[in-house]
Amino acid sequence: MSKQNKLINVDRAVTTLKSTTSITLTKFVQSYQAVAVFMFSFGMLTVLSIFSKGGPVGEVIFNVLQWAFGYGVFALPVFFFYGAGILVRDRESVKAQRVLVGTFWVQIFSASIFHSLIHAQPLSLSAGSEPLLKSGGHISAFLVYPLTNSVGLQMTHTILLLGLIMSVLYMTDIELKDLIGGIQAIIKYIYKFIYAFVLARKEARNIYLDDIYKDPINSEIEPDTVSKSALKIKEKATNVSDIKDFKEKKFPTAKPKARKQSKSTTYTLPPVKLLKKGSSVSTSKKLLQETASDLTKLLKEHGVEAELTNVVPGPTVTRYEIELAPGVKVSKVTSLSHDIAYALATPDVRLLAPIPGRSAIGIEIPNRQRKLVSLGDVLSSKEAANAEHPLNVGLGLDISGKPRLLNLSELPHVLIAGQTGAGKSSCINSIVTSLLVRTNPNDVKMVMVDPKRVELGQYNNVPHLLTKVITNPKKAVDALGWAVSEMDRRYDLLADGQVRDINGYHEKYDAGLLDEDKFDRFPYIVVFIDELNDLMMVAGREVESAIVRLAQMARAIGIHLVVATQRPSVDVITGVMKANIPSRLAFSVASTTDSRVILDQSGAEKLIGLGDMLVVTASNPRLERIQGAWVTEDEIKDVVSWVKNQKEAVYNPAVIEVQKTSSVSSSEDFGEDEKLLSTAKELVIRSQLGSTSMLQRKLRVGFARAGRLMDILEAQGIVGPSEGSKAREVLITVEEYESASLTSINDSNNEVTVENESDNLDIVKNDEESEDNWYEE
């Protein structure tokens, strides 16, 4: 091999070594894990070297650092540990290279400030190593001495301080205003701590002085007087218990209104402190800026001229508001929803085009870190304190992070719908807990229907309930029937009292303008139905008619419905029901069709679950996105136990009594065969086809007899009226028919058992009579 080839190979090896080293260093600096481990290890080695336990390598490193920074070497481990903590905590928003380089700059400027302050005149490099090692080191002398000679000592201090601030900003990757806000918060907390400490010292001193100046004679007499007063109280209590004829003793009587007020005042509302606060996770501004820049870049790449005008961070999603340039169509942005989700690596992106009442488009992007919204955050807010109506309930936080409360009397009825696990039951628990925390049981009563048996059972024996939590669908139908009859009774009282609604009735009653013997101060009633689908399967017609009647008329007399279902289909949420329940809470659903059934428009399919909802009320028909409040089972137990200790539950047995229903008499069977009629009924219901020709084919009867069977089914309410050549509408579903057949079988079995028992009783009576007759003979 020639000498020239050897030189070429050496150059290639050097070039390869340089490229490998640069690539390795680049990867090392870009990896936050590698840099964090390096900074933590280097800081630990420096600490061990300070105590002469780092070995030969640590001794060399300590000597080099002490030569460079002097006494500033003792602050170096603190900075390195802090930098490693930043990398681990904020790995998504900071860059490892900036943290590593910024830490060294913070160390340099900190040692330089120490070097400039420790001596009246900063030392130069010519002063020697020994005095420099006892100050800021050689690097600090290299920086401070020329600056002092050039601009003076005071200006040097200012420049070094500005350099330290810029190094901290570069290291932590935050803005200057955020740093100033953090410093202000620290100063504020220090001031509060000092102020509280001074007040505590004053109180302790006053207590000490009171103890010194207290009369010792009075202190000795106090226990005797306390015991004597206790004995007097006991004697009075025994004297009252010994009285047999209360007419002899005259006790001071009070007015009935005063008694009512005293009873209501004895009830103490549960404190809001029983509800815990949510997490204080805040969205990083650096992440918001990066997402905003990526969004604007994406719009430019697709040829959309737009300007980002505002960023609204919320607990679950962040809304980015953009304004389009003149001549740009809104459809260009709405067609990019999948591209935006792909570019930002988010599951779903919801577009508001445009934002109601504004010439802007809202792009709602889910946050990487969701904030846990607790019911305690909502009920402890200023909005909850200012809301005085008893039916104001905490709902959650809106997209800007403001607490949102709903007044059930203004809704006046609400439909909650969404797929399983979206947060419907949690929303109902939040509403119920809000009512328990904010209302007196004399003012608000509740009826709960829980076919699932596991969601609302924890509220049993609460004084706000009119009856126990209903789990039987048949009893739920009876409860809805009672609510309708109660509504009619209350309307009669309103008509007699010549008032229009419950508010005017309460005002007139409290003013003493109504006779207490004829009128009662009826409370608000909130009816909760946790699963409407189950009730519709068992008794669809009765449930729908009762709900529709209550929704149409019950607002004025204070009866409100909260209905939830996990099956948002047309069979469950009928058109008549939707027309009379204008307020809806839509949670996450699977398809656009389900969203249109609930809200009459799309949008709910873009929600991300876990309490994320769209709200439409009667007063505000525009969609509003809210993160629902979360309340834990322990918090519910604490509130329920508090309420139970304050007052015992008094149930109304009339709520679940069987209501009188009109039934078709069996005389309208036109003398037809019962077996043939039952077969025709089953055929029509199971096929859901009310056709006379179908009965002819299946039952092998003539046209006239099939027509008679169809007329009998119409009289019994099985099918609807004739519609010409079309098939009749079947009014009963298969589920209703099967449940009715099961109940009829149970009733027949009960009748048989009753008959057997009565026969047995007759036999026993006859035996007893025979024995008596034998004795007489």
# chains A, B, ... in the order shown; residues from 1 in each chain; ligands from 1
>>> closest_atom_pairs(of="stretch 428-542 of chain A", to="stretch 567-574 of chain A", cutoff="12 Å", atoms="only C-alpha atoms", output="CSV")
residue,atom,partner,partner_atom,distance
A:Asp530,CA,A:Arg567,CA,11.8
A:Glu531,CA,A:Arg567,CA,8.9
A:Leu532,CA,A:Val572,CA,7.2
A:Asn533,CA,A:Val572,CA,5.8
A:Asp534,CA,A:Val572,CA,9.2
A:Leu535,CA,A:Val572,CA,9.3
A:Met536,CA,A:Val572,CA,6.5
A:Met537,CA,A:Val572,CA,8.6
A:Val538,CA,A:Val572,CA,11.7
A:Ala539,CA,A:Val572,CA,11.5
A:Gly540,CA,A:Val572,CA,8.5
A:Arg541,CA,A:Thr574,CA,11.0
>>> select_by_dssp(residues="stretch 469-555 of chain A", states="helix (DSSP H, G or I)", output="compact mmCIF listing (two decimals) with all heavy atoms, in the first residue's frame")
# COMPACT_ATOMS: atom_id res chain seq x y z
N PRO A 473 -90.06 -1.48 37.49
CA PRO A 473 -90.65 -0.63 36.45
C PRO A 473 -92.15 -0.44 36.61
O PRO A 473 -92.68 0.63 36.27
CB PRO A 473 -90.32 -1.38 35.15
CG PRO A 473 -89.11 -2.20 35.48
CD PRO A 473 -89.28 -2.59 36.91
N LYS A 474 -92.88 -1.43 37.10
CA LYS A 474 -94.31 -1.28 37.31
C LYS A 474 -94.61 -0.21 38.35
O LYS A 474 -95.51 0.62 38.19
CB LYS A 474 -94.92 -2.62 37.73
CG LYS A 474 -94.97 -3.66 36.63
CD LYS A 474 -95.91 -3.24 35.51
CE LYS A 474 -96.00 -4.31 34.43
NZ LYS A 474 -96.89 -3.88 33.32
N LYS A 475 -93.82 -0.21 39.45
CA LYS A 475 -94.02 0.83 40.47
C LYS A 475 -93.60 2.20 39.94
O LYS A 475 -94.12 3.22 40.38
CB LYS A 475 -93.22 0.47 41.72
CG LYS A 475 -93.78 -0.73 42.47
CD LYS A 475 -93.03 -0.95 43.77
CE LYS A 475 -93.63 -2.12 44.54
NZ LYS A 475 -92.92 -2.36 45.83
N ALA A 476 -92.63 2.21 39.02
CA ALA A 476 -92.24 3.48 38.41
C ALA A 476 -93.40 4.08 37.62
O ALA A 476 -93.62 5.30 37.64
CB ALA A 476 -91.03 3.28 37.52
N VAL A 477 -94.15 3.24 36.91
CA VAL A 477 -95.33 3.72 36.19
C VAL A 477 -96.36 4.28 37.18
O VAL A 477 -96.97 5.33 36.93
CB VAL A 477 -95.92 2.59 35.34
CG1 VAL A 477 -97.21 3.04 34.67
CG2 VAL A 477 -94.92 2.12 34.30
N ASP A 478 -96.54 3.60 38.31
CA ASP A 478 -97.46 4.11 39.33
C ASP A 478 -96.99 5.45 39.90
O ASP A 478 -97.80 6.33 40.17
CB ASP A 478 -97.60 3.08 40.46
CG ASP A 478 -98.21 1.77 39.96
OD1 ASP A 478 -98.94 1.81 38.96
OD2 ASP A 478 -97.91 0.71 40.56
N ALA A 479 -95.67 5.59 40.08
CA ALA A 479 -95.13 6.85 40.61
C ALA A 479 -95.36 7.99 39.62
O ALA A 479 -95.70 9.12 40.02
CB ALA A 479 -93.64 6.70 40.91
N LEU A 480 -95.20 7.72 38.33
CA LEU A 480 -95.47 8.76 37.33
C LEU A 480 -96.95 9.11 37.31
O LEU A 480 -97.32 10.28 37.14
CB LEU A 480 -95.01 8.29 35.95
CG LEU A 480 -93.50 8.17 35.75
CD1 LEU A 480 -93.18 7.57 34.39
CD2 LEU A 480 -92.81 9.52 35.87
N GLY A 481 -97.81 8.10 37.49
CA GLY A 481 -99.24 8.38 37.58
C GLY A 481 -99.57 9.23 38.79
O GLY A 481 -100.43 10.13 38.72
N TRP A 482 -98.90 8.96 39.92
CA TRP A 482 -99.12 9.80 41.12
C TRP A 482 -98.67 11.23 40.85
O TRP A 482 -99.31 12.19 41.30
CB TRP A 482 -98.35 9.22 42.29
CG TRP A 482 -98.39 10.12 43.49
CD1 TRP A 482 -99.35 10.18 44.46
CD2 TRP A 482 -97.43 11.12 43.83
NE1 TRP A 482 -99.05 11.15 45.38
CE2 TRP A 482 -97.87 11.75 45.02
CE3 TRP A 482 -96.25 11.56 43.25
CZ2 TRP A 482 -97.16 12.78 45.62
CZ3 TRP A 482 -95.54 12.58 43.85
CH2 TRP A 482 -95.99 13.19 45.03
N ALA A 483 -97.56 11.39 40.15
CA ALA A 483 -97.07 12.74 39.84
C ALA A 483 -98.08 13.51 39.00
O ALA A 483 -98.29 14.72 39.19
CB ALA A 483 -95.72 12.66 39.12
N VAL A 484 -98.76 12.81 38.07
CA VAL A 484 -99.79 13.47 37.26
C VAL A 484 -100.96 13.89 38.14
O VAL A 484 -101.47 15.01 38.02
CB VAL A 484 -100.23 12.53 36.13
CG1 VAL A 484 -101.41 13.14 35.38
CG2 VAL A 484 -99.08 12.27 35.16
N SER A 485 -101.40 13.00 39.02
CA SER A 485 -102.51 13.36 39.92
C SER A 485 -102.11 14.48 40.87
O SER A 485 -102.92 15.37 41.17
CB SER A 485 -102.96 12.13 40.70
OG SER A 485 -101.90 11.63 41.51
N GLU A 486 -100.87 14.48 41.35
CA GLU A 486 -100.39 15.57 42.20
C GLU A 486 -100.35 16.88 41.43
O GLU A 486 -100.64 17.95 41.99
CB GLU A 486 -99.00 15.21 42.74
CG GLU A 486 -98.33 16.30 43.56
CD GLU A 486 -99.00 16.60 44.87
OE1 GLU A 486 -99.88 15.81 45.30
OE2 GLU A 486 -98.66 17.63 45.49
N MET A 487 -100.00 16.80 40.17
CA MET A 487 -100.01 18.01 39.33
C MET A 487 -101.42 18.58 39.23
O MET A 487 -101.62 19.81 39.36
CB MET A 487 -99.47 17.67 37.95
CG MET A 487 -99.50 18.82 36.96
SD MET A 487 -99.00 18.29 35.30
CE MET A 487 -100.41 17.27 34.86
N ASP A 488 -102.42 17.72 39.02
CA ASP A 488 -103.81 18.21 38.94
C ASP A 488 -104.24 18.82 40.27
O ASP A 488 -104.94 19.84 40.29
CB ASP A 488 -104.74 17.05 38.56
CG ASP A 488 -104.43 16.52 37.16
OD1 ASP A 488 -103.90 17.29 36.33
OD2 ASP A 488 -104.70 15.32 36.91
N ARG A 489 -103.85 18.20 41.39
CA ARG A 489 -104.23 18.74 42.70
C ARG A 489 -103.62 20.11 42.92
O ARG A 489 -104.27 21.03 43.42
CB ARG A 489 -103.77 17.78 43.80
CG ARG A 489 -104.21 18.17 45.20
CD ARG A 489 -103.58 17.30 46.25
NE ARG A 489 -102.16 17.62 46.43
CZ ARG A 489 -101.72 18.57 47.25
NH1 ARG A 489 -102.57 19.30 47.95
NH2 ARG A 489 -100.43 18.79 47.39
N ARG A 490 -102.37 20.26 42.52
CA ARG A 490 -101.71 21.56 42.72
C ARG A 490 -102.32 22.64 41.83
O ARG A 490 -102.42 23.81 42.25
CB ARG A 490 -100.22 21.42 42.44
CG ARG A 490 -99.47 20.58 43.48
CD ARG A 490 -97.98 20.65 43.27
NE ARG A 490 -97.26 19.92 44.31
CZ ARG A 490 -95.94 19.98 44.50
NH1 ARG A 490 -95.19 20.72 43.69
NH2 ARG A 490 -95.37 19.30 45.47
N TYR A 491 -102.71 22.27 40.63
CA TYR A 491 -103.36 23.26 39.76
C TYR A 491 -104.70 23.71 40.34
O TYR A 491 -105.09 24.88 40.20
CB TYR A 491 -103.54 22.70 38.36
CG TYR A 491 -102.39 23.03 37.44
CD1 TYR A 491 -101.56 22.05 36.93
CD2 TYR A 491 -102.12 24.35 37.07
CE1 TYR A 491 -100.50 22.35 36.10
CE2 TYR A 491 -101.07 24.67 36.24
CZ TYR A 491 -100.26 23.66 35.75
OH TYR A 491 -99.20 23.98 34.94
N ASP A 492 -105.41 22.79 41.00
CA ASP A 492 -106.65 23.21 41.68
C ASP A 492 -106.34 24.21 42.79
O ASP A 492 -107.08 25.19 42.98
CB ASP A 492 -107.35 21.98 42.24
CG ASP A 492 -107.87 21.05 41.15
OD1 ASP A 492 -108.05 21.53 40.02
OD2 ASP A 492 -108.05 19.83 41.43
N LEU A 493 -105.24 23.98 43.54
CA LEU A 493 -104.87 24.92 44.59
C LEU A 493 -104.46 26.27 44.01
O LEU A 493 -104.79 27.32 44.57
CB LEU A 493 -103.74 24.35 45.44
CG LEU A 493 -104.07 23.10 46.28
CD1 LEU A 493 -102.83 22.64 47.03
CD2 LEU A 493 -105.20 23.41 47.27
N LEU A 494 -103.75 26.25 42.89
CA LEU A 494 -103.37 27.52 42.26
C LEU A 494 -104.60 28.28 41.79
O LEU A 494 -104.68 29.51 41.91
CB LEU A 494 -102.44 27.26 41.07
CG LEU A 494 -101.02 26.78 41.35
CD1 LEU A 494 -100.23 26.70 40.07
CD2 LEU A 494 -100.31 27.68 42.33
N ALA A 495 -105.57 27.55 41.24
CA ALA A 495 -106.80 28.21 40.79
C ALA A 495 -107.59 28.79 41.95
O ALA A 495 -108.10 29.91 41.88
CB ALA A 495 -107.66 27.22 40.00
N ASP A 496 -107.66 28.04 43.06
CA ASP A 496 -108.36 28.56 44.23
C ASP A 496 -107.62 29.74 44.86
O ASP A 496 -108.24 30.66 45.39
CB ASP A 496 -108.54 27.45 45.27
CG ASP A 496 -109.45 26.34 44.75
OD1 ASP A 496 -110.21 26.59 43.81
OD2 ASP A 496 -109.35 25.20 45.29
N GLY A 497 -106.29 29.69 44.82
CA GLY A 497 -105.51 30.79 45.38
C GLY A 497 -105.33 31.97 44.45
O GLY A 497 -104.73 32.98 44.85
N ILE A 502 -95.89 28.54 41.03
CA ILE A 502 -95.51 28.15 42.38
C ILE A 502 -94.84 29.29 43.14
O ILE A 502 -94.98 29.40 44.36
CB ILE A 502 -94.59 26.90 42.32
CG1 ILE A 502 -94.31 26.38 43.73
CG2 ILE A 502 -93.31 27.20 41.57
CD1 ILE A 502 -93.56 25.06 43.74
N ASN A 503 -94.14 30.17 42.43
CA ASN A 503 -93.49 31.30 43.11
C ASN A 503 -94.51 32.25 43.71
O ASN A 503 -94.41 32.67 44.87
CB ASN A 503 -92.58 32.03 42.13
CG ASN A 503 -91.42 31.18 41.67
OD1 ASN A 503 -90.91 30.36 42.42
ND2 ASN A 503 -91.01 31.35 40.41
N GLY A 504 -95.53 32.60 42.92
CA GLY A 504 -96.59 33.46 43.46
C GLY A 504 -97.37 32.78 44.57
O GLY A 504 -97.80 33.43 45.54
N TYR A 505 -97.56 31.46 44.45
CA TYR A 505 -98.25 30.71 45.50
C TYR A 505 -97.48 30.74 46.81
O TYR A 505 -98.05 30.96 47.89
CB TYR A 505 -98.47 29.28 45.02
CG TYR A 505 -99.22 28.40 45.99
CD1 TYR A 505 -100.61 28.39 46.01
CD2 TYR A 505 -98.54 27.58 46.88
CE1 TYR A 505 -101.31 27.58 46.90
CE2 TYR A 505 -99.22 26.76 47.78
CZ TYR A 505 -100.60 26.77 47.78
OH TYR A 505 -101.29 25.98 48.68
N HIS A 506 -96.16 30.51 46.74
CA HIS A 506 -95.34 30.55 47.96
C HIS A 506 -95.33 31.94 48.58
O HIS A 506 -95.37 32.09 49.82
CB HIS A 506 -93.92 30.10 47.63
CG HIS A 506 -93.80 28.62 47.45
ND1 HIS A 506 -92.65 28.01 47.02
CD2 HIS A 506 -94.70 27.61 47.66
CE1 HIS A 506 -92.83 26.70 46.96
NE2 HIS A 506 -94.06 26.44 47.35
N GLU A 507 -95.23 32.97 47.77
CA GLU A 507 -95.23 34.34 48.31
C GLU A 507 -96.55 34.64 49.02
O GLU A 507 -96.57 35.24 50.10
CB GLU A 507 -94.99 35.34 47.17
CG GLU A 507 -93.59 35.30 46.58
CD GLU A 507 -93.43 36.25 45.43
OE1 GLU A 507 -94.43 36.94 45.09
OE2 GLU A 507 -92.32 36.31 44.85
N LYS A 508 -97.65 34.23 48.40
CA LYS A 508 -98.95 34.50 49.02
C LYS A 508 -99.14 33.67 50.28
O LYS A 508 -99.72 34.14 51.27
CB LYS A 508 -100.04 34.17 48.00
CG LYS A 508 -101.37 34.87 48.26
CD LYS A 508 -102.30 34.74 47.08
CE LYS A 508 -103.59 35.51 47.31
NZ LYS A 508 -104.51 35.41 46.14
N TYR A 509 -98.64 32.42 50.27
CA TYR A 509 -98.77 31.57 51.44
C TYR A 509 -97.91 32.10 52.60
O TYR A 509 -98.35 32.12 53.75
CB TYR A 509 -98.38 30.13 51.09
CG TYR A 509 -98.60 29.14 52.19
CD1 TYR A 509 -99.83 28.51 52.35
CD2 TYR A 509 -97.58 28.83 53.09
CE1 TYR A 509 -100.04 27.59 53.37
CE2 TYR A 509 -97.78 27.91 54.12
CZ TYR A 509 -99.03 27.30 54.25
OH TYR A 509 -99.23 26.41 55.27
N ASP A 510 -96.67 32.50 52.30
CA ASP A 510 -95.78 33.02 53.35
C ASP A 510 -96.29 34.34 53.92
O ASP A 510 -96.01 34.67 55.08
CB ASP A 510 -94.37 33.20 52.79
CG ASP A 510 -93.73 31.87 52.41
OD1 ASP A 510 -94.17 30.83 52.94
OD2 ASP A 510 -92.80 31.88 51.57
N LEU A 532 -84.49 5.36 30.93
CA LEU A 532 -85.81 5.43 30.31
C LEU A 532 -86.08 4.23 29.42
O LEU A 532 -87.24 3.82 29.27
CB LEU A 532 -85.92 6.73 29.50
CG LEU A 532 -87.23 6.98 28.77
CD1 LEU A 532 -88.37 7.11 29.76
CD2 LEU A 532 -87.12 8.23 27.91
N ASN A 533 -85.06 3.66 28.83
CA ASN A 533 -85.25 2.55 27.89
C ASN A 533 -85.94 1.36 28.56
O ASN A 533 -86.83 0.73 27.97
CB ASN A 533 -83.89 2.14 27.32
CG ASN A 533 -84.01 1.04 26.29
OD1 ASN A 533 -85.04 0.90 25.64
ND2 ASN A 533 -82.98 0.23 26.14
N ASP A 534 -85.55 1.06 29.78
CA ASP A 534 -86.14 -0.08 30.47
C ASP A 534 -87.62 0.15 30.75
O ASP A 534 -88.44 -0.77 30.63
CB ASP A 534 -85.38 -0.33 31.77
CG ASP A 534 -85.72 -1.67 32.38
OD1 ASP A 534 -85.69 -2.67 31.65
OD2 ASP A 534 -86.01 -1.72 33.58
N LEU A 535 -87.99 1.37 31.10
CA LEU A 535 -89.40 1.67 31.34
C LEU A 535 -90.20 1.62 30.05
O LEU A 535 -91.35 1.15 30.03
CB LEU A 535 -89.54 3.05 31.99
CG LEU A 535 -88.89 3.25 33.35
CD1 LEU A 535 -89.21 4.63 33.89
CD2 LEU A 535 -89.35 2.20 34.33
N MET A 536 -89.63 2.09 28.95
CA MET A 536 -90.33 2.07 27.68
C MET A 536 -90.55 0.64 27.18
O MET A 536 -91.53 0.36 26.49
CB MET A 536 -89.55 2.87 26.64
CG MET A 536 -89.45 4.35 26.95
SD MET A 536 -91.04 5.20 26.88
CE MET A 536 -91.33 5.21 25.12
N MET A 537 -89.64 -0.27 27.51
CA MET A 537 -89.83 -1.67 27.11
C MET A 537 -90.96 -2.33 27.87
O MET A 537 -91.69 -3.17 27.33
CB MET A 537 -88.53 -2.44 27.33
CG MET A 537 -87.42 -2.09 26.37
SD MET A 537 -85.89 -2.96 26.74
CE MET A 537 -86.41 -4.66 26.53
N VAL A 538 -91.13 -1.96 29.13
CA VAL A 538 -92.15 -2.60 29.97
C VAL A 538 -93.52 -1.99 29.73
O VAL A 538 -94.51 -2.71 29.52
CB VAL A 538 -91.75 -2.50 31.45
CG1 VAL A 538 -92.85 -3.04 32.34
CG2 VAL A 538 -90.46 -3.25 31.69
N ALA A 539 -93.61 -0.68 29.76
CA ALA A 539 -94.91 -0.01 29.61
C ALA A 539 -94.68 1.29 28.85
O ALA A 539 -94.66 2.37 29.45
CB ALA A 539 -95.56 0.24 30.97
N GLY A 540 -94.50 1.16 27.55
CA GLY A 540 -94.13 2.33 26.75
C GLY A 540 -95.22 3.36 26.66
O GLY A 540 -94.97 4.57 26.80
N ARG A 541 -96.46 2.94 26.44
CA ARG A 541 -97.54 3.91 26.25
C ARG A 541 -97.82 4.68 27.53
O ARG A 541 -98.00 5.90 27.52
CB ARG A 541 -98.80 3.18 25.78
CG ARG A 541 -98.65 2.55 24.40
CD ARG A 541 -99.92 1.82 24.01
NE ARG A 541 -101.08 2.71 23.97
CZ ARG A 541 -102.34 2.29 23.87
NH1 ARG A 541 -102.61 1.00 23.87
NH2 ARG A 541 -103.32 3.16 23.82
N GLU A 542 -97.90 3.96 28.67
CA GLU A 542 -98.19 4.64 29.93
C GLU A 542 -97.08 5.60 30.32
O GLU A 542 -97.34 6.72 30.76
CB GLU A 542 -98.41 3.61 31.05
CG GLU A 542 -99.66 2.77 30.90
CD GLU A 542 -99.44 1.57 29.99
OE1 GLU A 542 -98.34 1.50 29.39
OE2 GLU A 542 -100.34 0.72 29.87
N VAL A 543 -95.82 5.16 30.14
CA VAL A 543 -94.69 6.02 30.51
C VAL A 543 -94.64 7.25 29.62
O VAL A 543 -94.46 8.39 30.10
CB VAL A 543 -93.37 5.22 30.42
CG1 VAL A 543 -92.17 6.14 30.58
CG2 VAL A 543 -93.34 4.14 31.48
N GLU A 544 -94.82 7.04 28.33
CA GLU A 544 -94.76 8.18 27.40
C GLU A 544 -95.88 9.17 27.67
O GLU A 544 -95.65 10.40 27.69
CB GLU A 544 -94.83 7.68 25.96
CG GLU A 544 -94.71 8.80 24.94
CD GLU A 544 -94.81 8.29 23.52
OE1 GLU A 544 -94.98 7.07 23.33
OE2 GLU A 544 -94.74 9.12 22.58
N SER A 545 -97.08 8.69 27.89
CA SER A 545 -98.21 9.60 28.14
C SER A 545 -98.01 10.38 29.44
O SER A 545 -98.29 11.59 29.49
CB SER A 545 -99.51 8.81 28.19
OG SER A 545 -99.48 7.85 29.24
N ALA A 546 -97.50 9.71 30.49
CA ALA A 546 -97.28 10.40 31.76
C ALA A 546 -96.16 11.44 31.63
O ALA A 546 -96.30 12.58 32.12
CB ALA A 546 -96.94 9.39 32.86
N ILE A 547 -95.06 11.06 30.97
CA ILE A 547 -93.95 12.01 30.81
C ILE A 547 -94.37 13.20 29.96
O ILE A 547 -94.05 14.36 30.27
CB ILE A 547 -92.73 11.28 30.20
CG1 ILE A 547 -92.12 10.33 31.22
CG2 ILE A 547 -91.68 12.28 29.74
CD1 ILE A 547 -90.94 9.53 30.69
N VAL A 548 -95.12 12.94 28.89
CA VAL A 548 -95.57 14.04 28.03
C VAL A 548 -96.51 14.97 28.77
O VAL A 548 -96.40 16.20 28.67
CB VAL A 548 -96.22 13.47 26.76
CG1 VAL A 548 -96.94 14.56 25.98
CG2 VAL A 548 -95.17 12.81 25.88
N ARG A 549 -97.41 14.40 29.55
CA ARG A 549 -98.35 15.25 30.30
C ARG A 549 -97.63 16.09 31.35
O ARG A 549 -97.92 17.28 31.52
CB ARG A 549 -99.41 14.36 30.96
CG ARG A 549 -100.52 15.15 31.60
CD ARG A 549 -101.88 14.58 31.27
NE ARG A 549 -102.92 15.48 31.74
CZ ARG A 549 -103.54 15.36 32.91
NH1 ARG A 549 -103.22 14.38 33.71
NH2 ARG A 549 -104.48 16.22 33.25
N LEU A 550 -96.67 15.48 32.05
CA LEU A 550 -95.90 16.25 33.03
C LEU A 550 -95.05 17.31 32.34
O LEU A 550 -94.93 18.44 32.84
CB LEU A 550 -95.00 15.31 33.84
CG LEU A 550 -95.69 14.40 34.85
CD1 LEU A 550 -94.69 13.40 35.42
CD2 LEU A 550 -96.32 15.20 35.97
N ALA A 551 -94.45 16.97 31.22
CA ALA A 551 -93.60 17.94 30.52
C ALA A 551 -94.41 19.11 29.97
O ALA A 551 -93.90 20.23 29.87
CB ALA A 551 -92.84 17.24 29.39
N GLN A 552 -95.66 18.86 29.63
CA GLN A 552 -96.48 19.93 29.08
C GLN A 552 -96.98 20.91 30.15
O GLN A 552 -97.03 22.12 29.90
CB GLN A 552 -97.69 19.33 28.35
CG GLN A 552 -97.34 18.66 27.03
CD GLN A 552 -98.54 17.97 26.41
OE1 GLN A 552 -99.56 17.75 27.08
NE2 GLN A 552 -98.44 17.61 25.15
N MET A 553 -97.30 20.41 31.32
CA MET A 553 -98.03 21.24 32.28
C MET A 553 -97.36 21.42 33.63
O MET A 553 -97.76 22.31 34.40
CB MET A 553 -99.42 20.63 32.52
CG MET A 553 -100.27 20.52 31.28
SD MET A 553 -101.86 19.76 31.63
CE MET A 553 -102.54 20.90 32.82
>>> residues_around(residues="A:Ile50", least_positions_apart="4", cutoff="10 Å", atoms="only C-alpha atoms", output="list in words")
Met44, Leu45, Thr46, Gly54, Gly58, Glu59, Phe62, Asn63, Gln66, Val73 and Phe74 of chain A
>>> write_last_selection(atoms="C-alpha atoms", output="tab-separated table (two decimals), in the first residue's frame")
chain	number	residue	atom	x	y	z
A	44	MET	CA	-24.27	13.69	42.69
A	45	LEU	CA	-20.56	13.29	41.78
A	46	THR	CA	-19.98	16.96	42.62
A	54	GLY	CA	-15.69	11.01	44.93
A	58	GLY	CA	-14.16	13.29	41.64
A	59	GLU	CA	-11.13	15.06	43.07
A	62	PHE	CA	-13.81	19.26	41.98
A	63	ASN	CA	-10.45	20.98	41.46
A	66	GLN	CA	-13.30	25.17	41.98
A	73	VAL	CA	-18.97	25.25	43.02
A	74	PHE	CA	-21.24	24.60	46.03
>>> residues_around(residues="stretch 76-89 of chain A", least_positions_apart="2", cutoff="10 Å", atoms="only C-alpha atoms", output="JSON, numbers by chain")
{"A": [31, 32, 33, 34, 35, 36, 37, 38, 39, 40, 41, 42, 43, 44, 45, 46, 47, 65, 69, 71, 72, 73, 74, 91, 92, 93, 94, 95, 96, 98, 99, 100, 102, 103, 104, 106, 107, 108, 110, 111, 171, 172]}
>>> select_by_dssp(residues="stretch 339-465 of chain A", states="strand (DSSP E or B)", output="count of residues only")
33
>>> closest_residue(among="A:His115, A:Lys332, A:Arg728, A:Lys177", to="A:Gly137", atoms="only C-alpha atoms")
A:His115
>>> residues_around(residues="A:Val414", least_positions_apart="4", cutoff="9 Å", atoms="only C-alpha atoms", output="PyMOL selection string")
chain A and resi 408+560-564+581-585+617
>>> atom_distance(atom1="atom CA of A:Leu352", atom2="atom CA of A:Ile431")
28.3 Å
>>> residues_around(residues="A:His389", least_positions_apart="4", cutoff="12 Å", atoms="only C-alpha atoms", output="ChimeraX atom specification")
/A:383-385,393,405-410,435,438-440,443-444,503,524
>>> closest_residue(among="A:Ser129, A:Thr733, A:Ser112, A:Ser641", to="A:Lys681", atoms="only C-alpha atoms")
A:Thr733
>>> atom_distance(atom1="atom CA of A:Leu161", atom2="atom CA of A:Ser116")
11.2 Å
>>> residues_around(residues="stretch 420-422 of chain A", least_positions_apart="3", cutoff="12 Å", atoms="only C-alpha atoms", output="JSON, numbers by chain")
{"A": [416, 417, 425, 426, 427, 531, 564, 565, 566, 567, 568, 585, 586, 587, 588, 589, 590, 604, 605, 607, 608, 609, 610, 611, 612, 613, 614, 627, 628]}
>>> closest_residue(among="A:Arg350, A:Lys273, A:Arg404, A:Lys698", to="A:Glu682", atoms="only C-alpha atoms")
A:Lys698
>>> atom_distance(atom1="atom CA of A:Thr692", atom2="atom CA of A:Arg708")
9.3 Å
